[in-house]
Amino acid sequence: MALALAQARAAAARGEVPVGAVVLDSRGQVISSAGNRVEEWQDPSAHAEMLAMREAVRLGGGRRLADCTLVVTLEPCPMCAAAMAHFRLGRLVFGAYDSKGGAVEHGARLPHRPGALHRTEVVGGVCEREAAALLKDFFRTLRQTGAG
């Protein structure tokens, strides 16, 4: 989670929503990491999770992440939660819960649905306070500067 939090801080420094993600192999070694690049690339799909998973399969030479863990600072949105199923992600570890936009433990709860394409193991709330504080600070600053 430390590397995911570092990616989130780097994203915030670029003016992105501070979300960071890391993909680990079955031995816990880092395969890929990324932070949000939605604003920089003007790409609404450039979420940290998507970028890290895409890079992990590119580097791994396959299209599945069944033996991998995605560590992300924020509960994934519906797009990223659905992508996790298509990547056949083995495990998700996330920091802050997202009651408005999350789709893992909130909203659609995609990995837990009876007809889910794939059931990813989920662990939430890891370093939750730190991850949530990054987001709160970012949006507070955005409101104060009038950029939001």
# chains A, B, ... in the order shown; residues from 1 in each chain; ligands from 1
call {"tool": "residues_around", "arguments": {"residues": "A:Ser33", "least_positions_apart": "6", "cutoff": "7 Å", "atoms": "only C-alpha atoms", "output": "number ranges by chain"}}
result
A: 21-23, 52
call {"tool": "closest_atom_pairs", "arguments": {"of": "stretch 58-100 of chain A", "to": "stretch 1-20 of chain A", "cutoff": "7 Å", "atoms": "only C-alpha atoms", "output": "tab-separated table"}}
result
residue	atom	partner	partner_atom	distance
A:Val71	CA	A:Met1	CA	6.2
A:Val72	CA	A:Gly20	CA	5.7
A:Thr73	CA	A:Val19	CA	5.7
A:Leu74	CA	A:Val19	CA	6.4
call {"tool": "closest_residue", "arguments": {"among": "A:Val93, A:Ala81, A:Leu135, A:Leu24", "to": "A:Glu55", "atoms": "only C-alpha atoms"}}
result
A:Leu24
call {"tool": "select_by_dssp", "arguments": {"residues": "chain A", "states": "alpha helix (DSSP H)", "output": "count of residues only"}}
result
56
call {"tool": "closest_residue", "arguments": {"among": "A:Glu75, A:Glu121, A:Glu39, A:Glu105", "to": "A:Leu89", "atoms": "only C-alpha atoms"}}
result
A:Glu121
call {"tool": "closest_residue", "arguments": {"among": "A:Ala56, A:Leu51, A:Ala46, A:Ala83", "to": "A:Val30", "atoms": "only C-alpha atoms"}}
result
A:Ala56
call {"tool": "select_by_dssp", "arguments": {"residues": "chain A", "states": "strand (DSSP E)", "output": "ChimeraX atom specification"}}
result
/A:20-24,30-35,69-74,91-96,121-123
call {"tool": "closest_residue", "arguments": {"among": "A:Arg37, A:Arg140, A:Arg27, A:His86", "to": "A:Asp67", "atoms": "only C-alpha atoms"}}
result
A:Arg27
call {"tool": "closest_residue", "arguments": {"among": "A:Val122, A:Ala82, A:Ile31, A:Cys77", "to": "A:Asp98", "atoms": "only C-alpha atoms"}}
result
A:Cys77
